[in-house]
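Here's the structure we're looking at; comments come further down.
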2 protein chains.
Amino acid sequence: MAQSAVDGTPLVEPLLVGSDEVCLTGPSTLMPVGRAERLAEIFKALSDPTRVRLLAHICSSEHGTACACHLPETLGISQPTLSHHLKKLVEAGLITREQRGRWAHYTAVTDVLDVVQDFLGESAVASSGCGAER
Amino acid sequence: MAQSAVDGTPLVEPLLVGSDEVCLTGPSTLMPVGRAERLAEIFKALSDPTRVRLLAHICSSEHGTACACHLPETLGISQPTLSHHLKKLVEAGLITREQRGRWAHYTAVTDVLDVVQDFLGESAVASSGCGAER
């Protein structure tokens, strides 16, 4: 991460290295707070199994869009519970909502999925390149 | 998802399709509950900005391993707060802990990162292939 922080957070914080005779590793860089907060917000929206299933369901639906009329029966949940979960996914920017006549339709926002995937990819590549366990 | 469910959850639940003249989409498949619960557990561990930064820091550290001695100063948090966050990441299987002399060292588990990345990749590919918004 050589780029400059856009939110004012220094990429490398001051470090105090103690008397750690057995410490084999050195300091590293830190992710800017703003990016970490955005990723955490997305992860929080997906921290519920029903929302994970909802997102997967929406993504795998025809035209990448699912109609709200099918969702309660599919997932075995009530309409108010469904609305709560869909709202969380919309607020996190993972799906968009569009009213078509009497039913709302929900579509996955692939850009957001890509951002999270990129983060996990960077993390996995960085650690596997340095001999991470397992 | 043509594979059979290993946890007994049917991949396609019974559907009731109502009088939805304007509904353009049909039913789809559902992710097995067990997989959704595992993914949600991982996402929950990453639903905090400090833990996102910790994981990124550990992944980008030399040898994919970070020594606990550097972490509090790097992140500007107390040792008890750090221990709490590291415990959550260990419990979710995202990192492993190894005691080396007086300091604990933490290493990212790339397999787990891969599992989450695969899920997001599947979701993005499935929806973008069907003309998802944005």
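Ordering of the structure tokens sets the chain letters (A, B, ...); residue numbers start at 1 within each chain; ligands are numbered from 1 in the order shown.
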Non-local contacts of region 104-107 of chain A (6 Å; only C-alpha atoms; under 6 positions in same chain excluded) as a PyMOL selection string: chain A and resi 64-68+95-98
Output all heavy atoms for every residue in that selection, as a tab-separated table (two decimals), in the first residue's frame.
chain	number	residue	atom	x	y	z
A	64	GLY	N	-30.18	-11.49	-12.39
A	64	GLY	CA	-29.53	-10.95	-11.20
A	64	GLY	C	-30.47	-10.17	-10.32
A	64	GLY	O	-30.03	-9.41	-9.45
A	65	THR	N	-31.76	-10.37	-10.51
A	65	THR	CA	-32.78	-9.61	-9.77
A	65	THR	C	-33.82	-10.57	-9.20
A	65	THR	O	-34.26	-11.49	-9.89
A	65	THR	CB	-33.47	-8.61	-10.72
A	65	THR	OG1	-32.50	-7.67	-11.20
A	65	THR	CG2	-34.59	-7.84	-10.01
A	66	ALA	N	-34.18	-10.34	-7.93
A	66	ALA	CA	-35.20	-11.18	-7.30
A	66	ALA	C	-36.39	-10.32	-6.91
A	66	ALA	O	-36.23	-9.19	-6.43
A	66	ALA	CB	-34.63	-11.89	-6.08
A	67	CYS	N	-37.57	-10.88	-7.10
A	67	CYS	CA	-38.80	-10.18	-6.72
A	67	CYS	C	-39.14	-10.52	-5.27
A	67	CYS	O	-39.03	-11.67	-4.85
A	67	CYS	CB	-39.94	-10.61	-7.63
A	67	CYS	SG	-41.54	-9.91	-7.13
A	68	ALA	N	-39.55	-9.51	-4.51
A	68	ALA	CA	-39.86	-9.71	-3.09
A	68	ALA	C	-40.98	-10.73	-2.88
A	68	ALA	O	-41.07	-11.33	-1.82
A	68	ALA	CB	-40.23	-8.38	-2.44
A	95	ILE	N	-27.22	-4.36	-2.28
A	95	ILE	CA	-28.31	-4.54	-3.24
A	95	ILE	C	-29.02	-3.20	-3.44
A	95	ILE	O	-28.93	-2.31	-2.58
A	95	ILE	CB	-29.34	-5.61	-2.81
A	95	ILE	CG1	-29.97	-5.26	-1.45
A	95	ILE	CG2	-28.70	-6.99	-2.73
A	95	ILE	CD1	-31.10	-6.20	-1.03
A	96	THR	N	-29.71	-3.07	-4.57
A	96	THR	CA	-30.56	-1.89	-4.79
A	96	THR	C	-32.01	-2.35	-4.86
A	96	THR	O	-32.29	-3.52	-5.18
A	96	THR	CB	-30.20	-1.16	-6.09
A	96	THR	OG1	-30.29	-2.10	-7.18
A	96	THR	CG2	-28.79	-0.60	-6.04
A	97	ARG	N	-32.93	-1.45	-4.56
A	97	ARG	CA	-34.36	-1.76	-4.53
A	97	ARG	C	-35.06	-0.95	-5.61
A	97	ARG	O	-34.80	0.23	-5.77
A	97	ARG	CB	-34.92	-1.38	-3.17
A	97	ARG	CG	-36.38	-1.68	-2.98
A	97	ARG	CD	-36.83	-1.11	-1.63
A	97	ARG	NE	-38.18	-1.53	-1.28
A	97	ARG	CZ	-39.29	-0.99	-1.77
A	97	ARG	NH1	-39.21	0.00	-2.63
A	97	ARG	NH2	-40.47	-1.43	-1.40
A	98	GLU	N	-35.92	-1.61	-6.35
A	98	GLU	CA	-36.68	-0.93	-7.39
A	98	GLU	C	-38.13	-1.40	-7.32
A	98	GLU	O	-38.40	-2.61	-7.32
A	98	GLU	CB	-36.10	-1.25	-8.77
A	98	GLU	CG	-36.74	-0.47	-9.91
A	98	GLU	CD	-36.38	-1.08	-11.28
A	98	GLU	OE1	-35.54	-1.99	-11.33
A	98	GLU	OE2	-36.97	-0.65	-12.29
Residue contacts of region 75-82 of chain B (8 Å, only C-alpha atoms) excluding same-chain residues fewer than 3 positions away, as a PDB file with N, CA and C atoms, in the first residue's frame:
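Final output, result_23.pdb:
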ATOM      1  N   GLU A  13       1.932   3.951  11.258  1.00  0.00           N
ATOM      2  CA  GLU A  13       1.870   4.612  12.560  1.00  0.00           C
ATOM      3  C   GLU A  13       3.227   4.492  13.250  1.00  0.00           C
ATOM      4  N   LEU A  30      -0.529  -0.083   7.782  1.00  0.00           N
ATOM      5  CA  LEU A  30      -1.900  -0.166   8.279  1.00  0.00           C
ATOM      6  C   LEU A  30      -2.884   0.315   7.224  1.00  0.00           C
TER       7      LEU A  30
ATOM      8  N   THR B  50     -11.517  -2.318  13.420  1.00  0.00           N
ATOM      9  CA  THR B  50     -10.222  -2.683  14.016  1.00  0.00           C
ATOM     10  C   THR B  50      -9.817  -4.096  13.608  1.00  0.00           C
ATOM     11  N   LEU B  54      -6.648  -5.274  11.598  1.00  0.00           N
ATOM     12  CA  LEU B  54      -5.766  -6.288  12.189  1.00  0.00           C
ATOM     13  C   LEU B  54      -5.488  -7.408  11.191  1.00  0.00           C
ATOM     14  N   LEU B  71       1.442  -4.884  17.780  1.00  0.00           N
ATOM     15  CA  LEU B  71       0.072  -4.538  17.408  1.00  0.00           C
ATOM     16  C   LEU B  71      -0.572  -3.398  18.189  1.00  0.00           C
ATOM     17  N   PRO B  72      -0.447  -3.326  19.510  1.00  0.00           N
ATOM     18  CA  PRO B  72      -1.138  -2.235  20.215  1.00  0.00           C
ATOM     19  C   PRO B  72      -0.672  -0.860  19.757  1.00  0.00           C
ATOM     20  N   HIS B  85     -10.094  -8.521  20.228  1.00  0.00           N
ATOM     21  CA  HIS B  85     -10.259  -8.568  18.767  1.00  0.00           C
ATOM     22  C   HIS B  85      -9.534  -9.775  18.153  1.00  0.00           C
ATOM     23  N   LEU B  86      -8.329 -10.059  18.646  1.00  0.00           N
ATOM     24  CA  LEU B  86      -7.576 -11.203  18.124  1.00  0.00           C
ATOM     25  C   LEU B  86      -8.312 -12.510  18.415  1.00  0.00           C
TER      26      LEU B  86
END
- request: Please give the complete set of residues from region 77-113 of chain A that DSSP, run on the backbone, assigns to alpha helix (DSSP H), formatted as a ChimeraX atom specification.
  value: /A:79-91,110-113
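Distances to chain A were evaluated for B:Leu94, B:Ala124, B:Val112, B:Leu89 using only C-alpha atoms, and the minimum falls at B:Ala124.
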query: Just how far from CA of Arg38 (chain B) is CA of Val52 (chain A), in Å to one decimal?
result: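 Atom-to-atom, CA of Val52 (chain A) to CA of Arg38 (chain B), that is 9.9 Å.
For the pair CA of Asp111 (chain B) and CA of Pro32 (chain B), the interatomic distance is 20.0 Å.
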field: Test item: residues at most 10 Å from Arg53 (chain A), only C-alpha atoms, excluding those fewer than 6 positions along its chain, as a list in words
entry: Leu46, Cys59 and Leu75 of chain A; Thr29, Leu30, Met31, Pro32, Val33, Arg35, Ala36, Glu37, Leu39 and Ala40 of chain B
I need the residues from that last selection saved to file as a tab-separated table (two decimals), in the first residue's frame (with N, CA, C and O atoms), if you can.
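In the end it all went to again_35.tsv:
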chain	number	residue	atom	x	y	z
A	46	LEU	N	-23.48	-8.67	6.25
A	46	LEU	CA	-23.46	-10.09	5.87
A	46	LEU	C	-23.19	-11.00	7.07
A	46	LEU	O	-22.89	-12.18	6.90
A	59	CYS	N	-28.38	-12.81	-6.18
A	59	CYS	CA	-27.33	-12.88	-7.20
A	59	CYS	C	-27.59	-14.00	-8.20
A	59	CYS	O	-27.29	-13.86	-9.39
A	75	LEU	N	-37.36	-18.49	1.83
A	75	LEU	CA	-36.49	-18.51	3.00
A	75	LEU	C	-37.21	-18.95	4.28
A	75	LEU	O	-36.57	-19.14	5.30
B	29	THR	N	-32.47	-20.94	-6.56
B	29	THR	CA	-32.02	-21.91	-5.56
B	29	THR	C	-31.61	-21.20	-4.28
B	29	THR	O	-31.40	-20.00	-4.26
B	30	LEU	N	-31.47	-21.98	-3.21
B	30	LEU	CA	-31.07	-21.41	-1.93
B	30	LEU	C	-29.78	-22.05	-1.45
B	30	LEU	O	-29.58	-23.26	-1.61
B	31	MET	N	-28.93	-21.23	-0.84
B	31	MET	CA	-27.70	-21.75	-0.25
B	31	MET	C	-28.04	-22.61	0.98
B	31	MET	O	-28.90	-22.23	1.76
B	32	PRO	N	-27.37	-23.76	1.16
B	32	PRO	CA	-27.61	-24.57	2.35
B	32	PRO	C	-27.35	-23.76	3.63
B	32	PRO	O	-26.42	-22.95	3.67
B	33	VAL	N	-28.17	-24.00	4.66
B	33	VAL	CA	-28.06	-23.24	5.91
B	33	VAL	C	-26.67	-23.32	6.51
B	33	VAL	O	-26.12	-22.32	6.98
B	35	ARG	N	-23.71	-23.68	5.19
B	35	ARG	CA	-22.71	-22.84	4.52
B	35	ARG	C	-22.97	-21.37	4.86
B	35	ARG	O	-22.03	-20.61	5.11
B	36	ALA	N	-24.25	-20.97	4.86
B	36	ALA	CA	-24.60	-19.58	5.17
B	36	ALA	C	-24.17	-19.23	6.60
B	36	ALA	O	-23.67	-18.13	6.85
B	37	GLU	N	-24.34	-20.17	7.52
B	37	GLU	CA	-23.97	-19.91	8.91
B	37	GLU	C	-22.45	-19.75	9.06
B	37	GLU	O	-21.99	-18.89	9.80
B	39	LEU	N	-20.33	-18.77	6.69
B	39	LEU	CA	-19.95	-17.49	6.07
B	39	LEU	C	-20.32	-16.32	6.98
B	39	LEU	O	-19.53	-15.39	7.16
B	40	ALA	N	-21.52	-16.38	7.57
B	40	ALA	CA	-21.97	-15.30	8.46
B	40	ALA	C	-21.05	-15.16	9.67
B	40	ALA	O	-20.77	-14.06	10.13
- request: as a list in words, please: all residues of region 71-130 of chain A that backbone DSSP puts in strand (DSSP E).
  value: Ile95, Thr96, Arg97, Glu98, Gln99, Arg100, Trp103, Ala104, His105, Tyr106, Thr107 and Ala108 of chain A
